>>> print(open('structure-v3.txt').read())   # compact mmCIF, C-alpha atoms and all ligand atoms
# COMPACT_ATOMS: atom_id res chain seq x y z
CA MET A 545 275.58 144.03 26.91
CA SER A 546 272.22 143.53 28.62
CA GLN A 547 269.12 144.23 26.52
CA LYS A 548 267.03 147.31 27.35
CA LYS A 549 263.54 146.41 28.56
CA MET A 550 260.67 147.79 26.47
CA THR A 551 258.33 150.00 28.51
CA ILE A 552 254.81 151.40 28.17
CA ALA A 553 256.37 154.83 27.49
CA ASP A 554 258.41 153.30 24.63
CA LEU A 555 255.22 151.81 23.14
CA GLN A 556 253.44 155.15 23.47
CA GLN A 557 256.38 156.93 21.81
CA LYS A 558 256.29 154.46 18.92
CA LYS A 559 252.64 155.38 18.29
CA ALA A 560 253.43 159.09 18.53
CA ALA A 561 256.32 158.70 16.06
CA GLY A 562 254.25 156.57 13.65
CA LEU A 563 256.53 153.55 14.21
CA LYS A 564 254.81 150.14 14.11
CA ILE A 565 254.71 148.01 17.27
CA THR A 566 255.41 144.28 16.99
CA MET A 567 253.79 141.61 19.15
CA VAL A 568 253.90 137.83 18.97
CA THR A 569 252.53 135.18 21.30
CA ALA A 570 254.86 132.84 23.17
CA TYR A 571 254.20 130.12 25.72
CA ASP A 572 257.64 128.78 26.66
CA TYR A 573 261.29 129.66 27.35
CA PRO A 574 262.84 128.90 23.91
CA THR A 575 260.17 130.80 21.95
CA ALA A 576 260.41 133.81 24.27
CA HIS A 577 264.19 133.77 23.85
CA LEU A 578 263.87 133.72 20.04
CA ALA A 579 261.31 136.56 20.10
CA ASP A 580 263.65 138.52 22.36
CA GLN A 581 266.58 137.96 20.00
CA ALA A 582 264.38 139.11 17.09
CA LYS A 583 263.75 142.29 19.15
CA ILE A 584 259.97 141.84 19.09
CA ASP A 585 258.55 144.73 21.17
CA THR A 586 255.94 142.80 23.14
CA ILE A 587 255.24 139.16 23.90
CA LEU A 588 251.68 138.09 24.64
CA VAL A 589 251.35 134.88 26.62
CA GLY A 590 247.92 134.39 25.07
CA ASP A 591 245.26 132.04 26.27
CA SER A 592 245.55 130.70 22.70
CA LEU A 593 247.95 128.51 24.70
CA GLY A 594 244.90 126.30 25.24
CA MET A 595 244.49 125.58 21.53
CA VAL A 596 248.00 125.66 20.07
CA VAL A 597 249.93 124.06 22.94
CA LEU A 598 247.52 122.26 25.29
CA GLY A 599 245.23 120.77 22.64
CA TYR A 600 241.88 122.13 23.89
CA ASP A 601 239.19 122.90 21.28
CA THR A 602 238.85 126.51 22.47
CA THR A 603 240.49 128.95 24.90
CA VAL A 604 237.63 128.59 27.39
CA PRO A 605 239.04 125.71 29.54
CA VAL A 606 242.42 127.41 30.17
CA SER A 607 243.04 127.85 33.90
CA MET A 608 244.93 130.47 35.91
CA ASP A 609 247.49 127.85 36.99
CA GLU A 610 248.17 126.86 33.37
CA MET A 611 248.65 130.51 32.40
CA ILE A 612 250.97 131.22 35.32
CA HIS A 613 253.08 128.11 34.59
CA HIS A 614 253.66 129.19 30.97
CA CYS A 615 254.09 132.90 31.81
CA LYS A 616 256.92 131.98 34.21
CA ALA A 617 258.76 130.15 31.42
CA VAL A 618 258.28 133.05 28.99
CA CYS A 619 259.53 135.58 31.55
CA ARG A 620 262.66 133.46 32.09
CA GLY A 621 263.28 133.49 28.32
CA SER A 622 262.82 137.18 27.60
CA LYS A 623 264.80 140.13 28.87
CA GLY A 624 263.85 142.90 26.42
CA SER A 625 260.25 142.35 25.31
CA PHE A 626 257.33 143.81 27.28
CA ILE A 627 255.39 140.77 28.52
CA ILE A 628 251.60 140.62 28.69
CA GLY A 629 249.83 137.74 30.47
CA ASP A 630 246.36 136.90 29.15
CA MET A 631 243.71 136.55 31.85
CA PRO A 632 241.75 133.34 31.19
CA PHE A 633 237.96 133.04 31.02
CA MET A 634 236.27 133.52 34.41
CA SER A 635 239.43 134.84 36.09
CA TYR A 636 238.16 138.46 35.91
CA GLN A 637 234.38 138.27 35.43
CA VAL A 638 233.21 136.91 38.81
CA SER A 639 234.12 139.92 40.97
CA ILE A 640 236.46 142.89 40.95
CA GLU A 641 238.34 141.45 43.95
CA ARG A 642 238.97 138.14 42.12
CA ALA A 643 240.05 140.07 39.01
CA ILE A 644 242.62 142.12 40.97
CA GLU A 645 243.85 139.03 42.82
CA ASN A 646 244.29 137.03 39.59
CA ALA A 647 245.89 139.96 37.74
CA GLY A 648 248.30 140.23 40.67
CA ARG A 649 249.38 136.60 40.22
CA PHE A 650 250.60 137.38 36.67
CA ILE A 651 252.84 140.10 38.09
CA LYS A 652 253.96 138.62 41.44
CA GLU A 653 254.21 134.91 40.64
CA ALA A 654 254.99 134.88 36.92
CA GLY A 655 256.93 138.13 36.50
CA CYS A 656 254.76 139.55 33.69
CA ASP A 657 254.73 143.31 33.03
CA SER A 658 250.99 143.57 32.48
CA VAL A 659 247.77 141.65 31.84
CA LYS A 660 245.24 141.50 29.00
CA LEU A 661 241.51 140.91 29.27
CA GLU A 662 238.68 140.65 26.75
CA GLY A 663 235.53 142.79 26.57
CA GLY A 664 234.10 146.20 25.77
CA ARG A 665 232.80 149.03 27.95
CA GLU A 666 231.16 146.53 30.35
CA MET A 667 234.71 145.63 31.43
CA SER A 668 235.69 149.26 32.16
CA PRO A 669 235.16 149.00 35.95
CA VAL A 670 237.37 145.88 36.04
CA VAL A 671 240.08 147.56 33.96
CA ARG A 672 239.92 150.64 36.22
CA ALA A 673 240.22 148.54 39.40
CA ILE A 674 243.20 146.51 38.14
CA VAL A 675 244.97 149.66 36.90
CA ASP A 676 244.26 151.37 40.25
CA ALA A 677 245.92 148.38 41.94
CA GLY A 678 249.07 149.25 39.98
CA ILE A 679 248.83 146.69 37.18
CA PRO A 680 248.88 147.84 33.54
CA VAL A 681 245.99 146.43 31.47
CA CYS A 682 245.82 145.77 27.73
CA ALA A 683 242.21 145.58 26.50
CA HIS A 684 240.90 143.29 23.73
CA ILE A 685 237.82 144.07 21.61
CA GLY A 686 236.17 142.86 18.40
CA LEU A 687 236.19 139.09 18.13
CA THR A 688 236.73 137.99 21.72
CA PRO A 689 237.35 134.22 21.58
CA GLN A 690 236.43 133.56 25.23
CA THR A 691 232.85 134.70 24.47
CA ALA A 692 232.65 133.56 20.83
CA THR A 693 229.46 131.61 21.57
CA LYS A 694 227.73 134.85 22.59
CA LEU A 695 228.97 136.41 19.33
CA SER A 696 227.46 133.45 17.40
CA GLY A 697 230.87 132.07 16.45
CA PHE A 698 234.26 133.21 15.22
CA ARG A 699 233.13 135.97 12.85
CA VAL A 700 234.22 139.47 11.86
CA GLN A 701 232.78 142.09 14.26
CA GLY A 702 231.68 145.69 13.59
CA LYS A 703 230.76 145.19 9.93
CA ASP A 704 227.87 147.69 9.93
CA ALA A 705 227.73 151.31 11.06
CA GLU A 706 225.85 150.55 14.30
CA SER A 707 228.14 147.78 15.56
CA GLY A 708 231.15 149.78 14.34
CA ARG A 709 230.04 152.79 16.39
CA LYS A 710 229.59 150.52 19.41
CA LEU A 711 233.17 149.26 19.07
CA ILE A 712 234.48 152.84 18.84
CA GLU A 713 232.61 153.63 22.09
CA ASP A 714 233.99 150.44 23.70
CA ALA A 715 237.54 151.45 22.77
CA LYS A 716 237.07 154.97 24.15
CA ALA A 717 235.61 153.63 27.41
CA LEU A 718 238.52 151.23 27.89
CA GLU A 719 241.04 153.99 27.24
CA THR A 720 239.24 156.23 29.77
CA ALA A 721 239.30 153.35 32.26
CA GLY A 722 243.11 153.35 32.04
CA ALA A 723 244.02 150.62 29.52
CA PHE A 724 247.53 151.29 28.14
CA MET A 725 246.95 149.44 24.86
CA ILE A 726 244.13 147.70 23.02
CA VAL A 727 244.09 144.58 20.85
CA MET A 728 241.48 144.63 18.08
CA GLU A 729 240.65 141.23 16.59
CA CYS A 730 238.78 140.58 13.34
CA ILE A 731 237.24 143.95 12.56
CA PRO A 732 237.13 145.79 9.20
CA ASP A 733 240.30 147.74 8.42
CA LEU A 734 238.44 151.07 8.06
CA LEU A 735 236.95 150.69 11.56
CA ALA A 736 240.36 149.74 13.01
CA ALA A 737 241.89 152.81 11.35
CA ARG A 738 239.15 155.02 12.84
CA ILE A 739 239.70 153.63 16.36
CA THR A 740 243.48 153.97 15.98
CA LYS A 741 243.07 157.64 15.03
CA THR A 742 240.59 158.29 17.84
CA LEU A 743 242.64 156.79 20.69
CA THR A 744 245.84 158.12 22.22
CA ILE A 745 246.86 154.61 23.41
CA PRO A 746 248.39 152.18 20.87
CA THR A 747 246.16 149.74 19.01
CA ILE A 748 247.36 146.26 18.05
CA GLY A 749 245.57 144.49 15.23
CA ILE A 750 244.97 140.86 14.39
CA GLY A 751 242.73 140.64 11.36
CA ALA A 752 242.21 144.41 11.63
CA GLY A 753 244.18 145.75 8.66
CA LYS A 754 247.42 147.62 8.28
CA ASP A 755 246.49 150.94 9.90
CA CYS A 756 246.67 149.76 13.51
CA ASP A 757 249.66 150.98 15.54
CA GLY A 758 251.00 147.43 15.64
CA GLN A 759 250.29 143.82 14.76
CA VAL A 760 250.12 140.53 16.66
CA LEU A 761 250.20 136.97 15.37
CA VAL A 762 250.01 133.67 17.20
CA TYR A 763 253.52 132.16 17.07
CA HIS A 764 252.35 128.69 16.03
CA ASP A 765 250.43 130.20 13.06
CA LEU A 766 253.38 132.38 12.04
CA VAL A 767 255.86 129.48 11.94
CA GLY A 768 253.51 126.76 10.70
CA LEU A 769 253.20 124.66 13.83
CA PHE A 770 249.41 124.68 14.16
CA GLU A 771 247.78 122.66 11.40
CA ARG A 772 244.18 122.30 12.63
CA PHE A 773 243.01 125.44 10.77
CA THR A 774 244.46 128.75 9.51
CA PRO A 775 242.41 131.95 9.83
CA LYS A 776 242.35 134.33 6.82
CA PHE A 777 244.36 136.99 8.70
CA VAL A 778 247.35 134.70 9.31
CA LYS A 779 250.54 135.01 7.28
CA GLN A 780 252.77 131.96 7.65
CA TYR A 781 256.41 133.10 7.46
CA VAL A 782 257.84 129.59 7.61
CA ASN A 783 256.22 126.15 7.52
CA LEU A 784 258.03 124.23 10.25
CA ALA A 785 255.67 121.28 10.79
CA PRO A 786 256.66 119.35 7.61
CA GLN A 787 260.36 120.03 8.31
CA ILE A 788 260.03 118.71 11.87
CA ARG A 789 258.08 115.66 10.68
CA ARG A 790 260.83 114.94 8.12
CA ALA A 791 263.54 115.25 10.79
CA LEU A 792 261.67 112.91 13.16
CA SER A 793 261.13 110.31 10.41
CA GLU A 794 264.81 110.45 9.47
CA TYR A 795 265.82 110.02 13.13
CA LYS A 796 263.50 107.00 13.49
CA LYS A 797 264.92 105.43 10.30
CA GLU A 798 268.54 106.00 11.36
CA VAL A 799 267.97 104.51 14.83
CA GLU A 800 266.17 101.50 13.38
CA GLU A 801 268.95 100.97 10.80
CA GLY A 802 271.77 101.45 13.32
CA VAL A 803 273.08 104.55 11.55
CA PHE A 804 272.56 106.80 14.59
CA PRO A 805 274.44 107.23 16.87
CA GLY A 806 277.65 107.23 14.86
CA ALA A 807 281.16 107.30 16.29
CA GLU A 808 281.04 111.11 16.37
CA HIS A 809 278.11 110.98 18.82
CA SER A 810 279.65 108.28 21.05
CA PHE A 811 282.25 108.28 23.86
CA ALA A 812 285.43 106.26 23.46
CA MET A 813 287.17 103.98 25.98
CA SER A 814 290.57 102.50 25.29
CA ALA A 815 290.67 98.82 24.39
CA GLU A 816 292.97 98.34 27.40
CA GLU A 817 290.42 99.72 29.85
CA ALA A 818 287.68 97.72 28.18
CA GLU A 819 289.76 94.58 28.63
CA LYS A 820 290.11 95.25 32.38
CA MET A 821 286.40 95.81 32.94
O1 LIG A 901 245.26 134.51 23.12
C1 LIG A 901 245.77 135.11 22.17
O2 LIG A 901 246.75 134.65 21.56
C2 LIG A 901 245.21 136.39 21.79
C3 LIG A 901 245.68 137.00 20.50
C4 LIG A 901 245.08 136.31 19.36
C5 LIG A 901 245.44 138.46 20.47
O3 LIG A 901 244.38 136.91 22.47
>>> encode(input="structure-v3.txt", output="structure tokens")
Amino acid sequence: MSQKKMTIADLQQKKAAGLKITMVTAYDYPTAHLADQAKIDTILVGDSLGMVVLGYDTTVPVSMDEMIHHCKAVCRGSKGSFIIGDMPFMSYQVSIERAIENAGRFIKEAGCDSVKLEGGREMSPVVRAIVDAGIPVCAHIGLTPQTATKLSGFRVQGKDAESGRKLIEDAKALETAGAFMIVMECIPDLLAARITKTLTIPTIGIGAGKDCDGQVLVYHDLVGLFERFTPKFVKQYVNLAPQIRRALSEYKKEVEEGVFPGAEHSFAMSAEEAEKM
């Protein structure tokens, strides 16, 4: 039986019913397929791609072409999850026309269901224009990694009343602009709870406490495949890197010692045929 595709209405209904929304990042076909099989509601093809897959120091260098390439693979791997393509740095800031054009590539070329972009109320006109063009937009506030330098580094946002109030206003402006969902990264749990209560659209937290409408984690953090650093908000559900290293070392040893391939991995030819060769 074919899997039912998650929709924006389904996500909205989950919020209304108090049911938590699940989101994980994915960057390739096999991961998307696994997330789909686990019935994860939404897959984010995050620009974290740059750090966990492409080996850049930050998300800033990620290009539109890199995002589209990986979004295509994810869309081939997932049938049921709602897929969000992350707009990379400078793909939506230069002009509204460029923002609409680039958002359109995620839908037309890659097959994504929606796009995500970072920023507060200053991004409202861009969100409005992309939504008016027929493309659903997920907003992203709090710690916005593309502009971490402006925020003086990767630090918790909205820790005092004034900056907290500003984030509440940002969230409201983005909802009014037409965003269907909002990711909140690295903000105090009480602030995230307040925003979640204030908005009618679902909120997805990462380092934002348990009272958001849903949660997102970067796949490579969740399964222990990114070893450079682990943020405080990450829970590692399995530690795959040491297991993969062990498997690779065992493979190397068996090849070097002539143990692999064994007869069970080889193809036979009769002695008669071999003789005639
Ligand atoms: O790029 C990404 O993976 C993200 C999540 C951390 C929300 O933006």
>>> residues_around(input="structure-v3.txt", residues="range 651-658 of chain A", least_positions_apart="5", cutoff="6 Å", atoms="only C-alpha atoms", output="VMD selection string")
chain A and resid 612 615 to 616 627 to 628 680 to 681
>>> residues_near_ligand(input="structure-v3.txt", ligand="ligand LIG 901 (chain A)", cutoff="9 Å", atoms="all atoms listed in the file", output="list in words")
Val568, Thr569, Ala570, Leu588, Val589, Gly590, Asp591, Ser592, Leu593, Gly594, Thr603, Asp630, Pro632, Lys660, Leu661, Glu662, His684, Thr688, Pro689, Val727, Met728, Glu729, Ile748, Gly749, Ile750, Val760, Leu761, Val762 and Tyr763 of chain A
>>> closest_residue(input="structure-v3.txt", among="A:Glu713, A:Pro805, A:Ile552, A:Ala736", to="Cys682 in chain A", atoms="all atoms listed in the file")
A:Ile552
>>> closest_residue(input="structure-v3.txt", among="A:Gly702, A:Lys710, A:Glu719, A:Leu769", to="Leu735 in chain A", atoms="only C-alpha atoms")
A:Gly702
>>> residues_around(input="structure-v3.txt", residues="range 784-789 of chain A", least_positions_apart="6", cutoff="8 Å", atoms="only C-alpha atoms", output="number ranges by chain")
A: 767-770
>>> residues_around(input="structure-v3.txt", residues="Thr742 in chain A", least_positions_apart="6", cutoff="10 Å", atoms="only C-alpha atoms", output="list of chain:residue names")
A:Ile712, A:Ala715, A:Lys716, A:Ala736
>>> build_atoms(input="structure-v3.txt", residues="range 618-654 of chain A", atoms="N, CA and C atoms", output="PDB file, in the frame of the given file")
ATOM      1  N   VAL A 618     258.062 131.963  29.945  1.00  0.00           N
ATOM      2  CA  VAL A 618     258.280 133.050  28.990  1.00  0.00           C
ATOM      3  C   VAL A 618     259.113 134.156  29.641  1.00  0.00           C
ATOM      4  N   CYS A 619     258.790 134.493  30.875  1.00  0.00           N
ATOM      5  CA  CYS A 619     259.530 135.580  31.550  1.00  0.00           C
ATOM      6  C   CYS A 619     260.993 135.191  31.768  1.00  0.00           C
ATOM      7  N   ARG A 620     261.259 133.899  31.956  1.00  0.00           N
ATOM      8  CA  ARG A 620     262.660 133.460  32.090  1.00  0.00           C
ATOM      9  C   ARG A 620     263.389 133.595  30.752  1.00  0.00           C
ATOM     10  N   GLY A 621     262.641 133.492  29.647  1.00  0.00           N
ATOM     11  CA  GLY A 621     263.280 133.490  28.320  1.00  0.00           C
ATOM     12  C   GLY A 621     263.469 134.862  27.714  1.00  0.00           C
ATOM     13  N   SER A 622     262.773 135.851  28.239  1.00  0.00           N
ATOM     14  CA  SER A 622     262.820 137.180  27.600  1.00  0.00           C
ATOM     15  C   SER A 622     263.335 138.245  28.552  1.00  0.00           C
ATOM     16  N   LYS A 623     264.260 139.028  28.059  1.00  0.00           N
ATOM     17  CA  LYS A 623     264.800 140.130  28.870  1.00  0.00           C
ATOM     18  C   LYS A 623     264.346 141.488  28.341  1.00  0.00           C
ATOM     19  N   GLY A 624     264.116 141.590  27.017  1.00  0.00           N
ATOM     20  CA  GLY A 624     263.850 142.900  26.420  1.00  0.00           C
ATOM     21  C   GLY A 624     262.390 143.175  26.090  1.00  0.00           C
ATOM     22  N   SER A 625     261.638 142.131  25.737  1.00  0.00           N
ATOM     23  CA  SER A 625     260.250 142.350  25.310  1.00  0.00           C
ATOM     24  C   SER A 625     259.368 142.690  26.512  1.00  0.00           C
ATOM     25  N   PHE A 626     258.329 143.482  26.257  1.00  0.00           N
ATOM     26  CA  PHE A 626     257.330 143.810  27.280  1.00  0.00           C
ATOM     27  C   PHE A 626     256.337 142.647  27.307  1.00  0.00           C
ATOM     28  N   ILE A 627     256.147 142.037  28.483  1.00  0.00           N
ATOM     29  CA  ILE A 627     255.390 140.770  28.520  1.00  0.00           C
ATOM     30  C   ILE A 627     253.971 140.969  29.095  1.00  0.00           C
ATOM     31  N   ILE A 628     253.016 140.496  28.319  1.00  0.00           N
ATOM     32  CA  ILE A 628     251.600 140.620  28.690  1.00  0.00           C
ATOM     33  C   ILE A 628     251.036 139.226  28.955  1.00  0.00           C
ATOM     34  N   GLY A 629     250.465 139.024  30.126  1.00  0.00           N
ATOM     35  CA  GLY A 629     249.830 137.740  30.470  1.00  0.00           C
ATOM     36  C   GLY A 629     248.324 137.853  30.226  1.00  0.00           C
ATOM     37  N   ASP A 630     247.783 136.862  29.535  1.00  0.00           N
ATOM     38  CA  ASP A 630     246.360 136.900  29.150  1.00  0.00           C
ATOM     39  C   ASP A 630     245.506 136.290  30.265  1.00  0.00           C
ATOM     40  N   MET A 631     244.555 137.067  30.768  1.00  0.00           N
ATOM     41  CA  MET A 631     243.710 136.550  31.850  1.00  0.00           C
ATOM     42  C   MET A 631     242.687 135.570  31.267  1.00  0.00           C
ATOM     43  N   PRO A 632     242.649 134.333  31.778  1.00  0.00           N
ATOM     44  CA  PRO A 632     241.750 133.340  31.190  1.00  0.00           C
ATOM     45  C   PRO A 632     240.287 133.577  31.562  1.00  0.00           C
ATOM     46  N   PHE A 633     239.413 132.930  30.815  1.00  0.00           N
ATOM     47  CA  PHE A 633     237.960 133.040  31.020  1.00  0.00           C
ATOM     48  C   PHE A 633     237.600 132.742  32.467  1.00  0.00           C
ATOM     49  N   MET A 634     236.791 133.619  33.039  1.00  0.00           N
ATOM     50  CA  MET A 634     236.270 133.520  34.410  1.00  0.00           C
ATOM     51  C   MET A 634     237.306 133.851  35.495  1.00  0.00           C
ATOM     52  N   SER A 635     238.458 134.414  35.064  1.00  0.00           N
ATOM     53  CA  SER A 635     239.430 134.840  36.090  1.00  0.00           C
ATOM     54  C   SER A 635     239.226 136.318  36.429  1.00  0.00           C
ATOM     55  N   TYR A 636     238.374 137.026  35.650  1.00  0.00           N
ATOM     56  CA  TYR A 636     238.160 138.460  35.910  1.00  0.00           C
ATOM     57  C   TYR A 636     236.698 138.885  35.830  1.00  0.00           C
ATOM     58  N   GLN A 637     235.791 137.910  35.583  1.00  0.00           N
ATOM     59  CA  GLN A 637     234.380 138.270  35.430  1.00  0.00           C
ATOM     60  C   GLN A 637     233.570 138.121  36.724  1.00  0.00           C
ATOM     61  N   VAL A 638     234.039 137.276  37.644  1.00  0.00           N
ATOM     62  CA  VAL A 638     233.210 136.910  38.810  1.00  0.00           C
ATOM     63  C   VAL A 638     233.072 138.092  39.777  1.00  0.00           C
ATOM     64  N   SER A 639     234.174 138.741  40.086  1.00  0.00           N
ATOM     65  CA  SER A 639     234.120 139.920  40.970  1.00  0.00           C
ATOM     66  C   SER A 639     235.384 140.740  40.738  1.00  0.00           C
ATOM     67  N   ILE A 640     235.303 142.003  41.109  1.00  0.00           N
ATOM     68  CA  ILE A 640     236.460 142.890  40.950  1.00  0.00           C
ATOM     69  C   ILE A 640     237.611 142.417  41.827  1.00  0.00           C
ATOM     70  N   GLU A 641     237.283 141.937  43.024  1.00  0.00           N
ATOM     71  CA  GLU A 641     238.340 141.450  43.950  1.00  0.00           C
ATOM     72  C   GLU A 641     239.090 140.277  43.316  1.00  0.00           C
ATOM     73  N   ARG A 642     238.337 139.309  42.755  1.00  0.00           N
ATOM     74  CA  ARG A 642     238.970 138.140  42.120  1.00  0.00           C
ATOM     75  C   ARG A 642     239.819 138.583  40.933  1.00  0.00           C
ATOM     76  N   ALA A 643     239.310 139.578  40.188  1.00  0.00           N
ATOM     77  CA  ALA A 643     240.050 140.070  39.010  1.00  0.00           C
ATOM     78  C   ALA A 643     241.384 140.675  39.435  1.00  0.00           C
ATOM     79  N   ILE A 644     241.364 141.485  40.494  1.00  0.00           N
ATOM     80  CA  ILE A 644     242.620 142.120  40.970  1.00  0.00           C
ATOM     81  C   ILE A 644     243.573 141.040  41.476  1.00  0.00           C
ATOM     82  N   GLU A 645     243.023 140.098  42.251  1.00  0.00           N
ATOM     83  CA  GLU A 645     243.850 139.030  42.820  1.00  0.00           C
ATOM     84  C   GLU A 645     244.530 138.212  41.701  1.00  0.00           C
ATOM     85  N   ASN A 646     243.741 137.841  40.679  1.00  0.00           N
ATOM     86  CA  ASN A 646     244.290 137.030  39.590  1.00  0.00           C
ATOM     87  C   ASN A 646     245.271 137.837  38.734  1.00  0.00           C
ATOM     88  N   ALA A 647     244.953 139.109  38.490  1.00  0.00           N
ATOM     89  CA  ALA A 647     245.890 139.960  37.740  1.00  0.00           C
ATOM     90  C   ALA A 647     247.212 140.042  38.507  1.00  0.00           C
ATOM     91  N   GLY A 648     247.107 140.153  39.820  1.00  0.00           N
ATOM     92  CA  GLY A 648     248.300 140.230  40.670  1.00  0.00           C
ATOM     93  C   GLY A 648     249.187 139.005  40.553  1.00  0.00           C
ATOM     94  N   ARG A 649     248.574 137.832  40.359  1.00  0.00           N
ATOM     95  CA  ARG A 649     249.380 136.600  40.220  1.00  0.00           C
ATOM     96  C   ARG A 649     250.291 136.660  38.987  1.00  0.00           C
ATOM     97  N   PHE A 650     249.776 137.268  37.886  1.00  0.00           N
ATOM     98  CA  PHE A 650     250.600 137.380  36.670  1.00  0.00           C
ATOM     99  C   PHE A 650     251.850 138.211  36.941  1.00  0.00           C
ATOM    100  N   ILE A 651     251.712 139.198  37.821  1.00  0.00           N
ATOM    101  CA  ILE A 651     252.840 140.100  38.090  1.00  0.00           C
ATOM    102  C   ILE A 651     253.758 139.488  39.157  1.00  0.00           C
ATOM    103  N   LYS A 652     253.159 139.094  40.295  1.00  0.00           N
ATOM    104  CA  LYS A 652     253.960 138.620  41.440  1.00  0.00           C
ATOM    105  C   LYS A 652     254.564 137.241  41.233  1.00  0.00           C
ATOM    106  N   GLU A 653     253.737 136.292  40.767  1.00  0.00           N
ATOM    107  CA  GLU A 653     254.210 134.910  40.640  1.00  0.00           C
ATOM    108  C   GLU A 653     254.958 134.667  39.339  1.00  0.00           C
ATOM    109  N   ALA A 654     254.427 135.214  38.236  1.00  0.00           N
ATOM    110  CA  ALA A 654     254.990 134.880  36.920  1.00  0.00           C
ATOM    111  C   ALA A 654     256.051 135.875  36.462  1.00  0.00           C
TER     112      ALA A 654
END
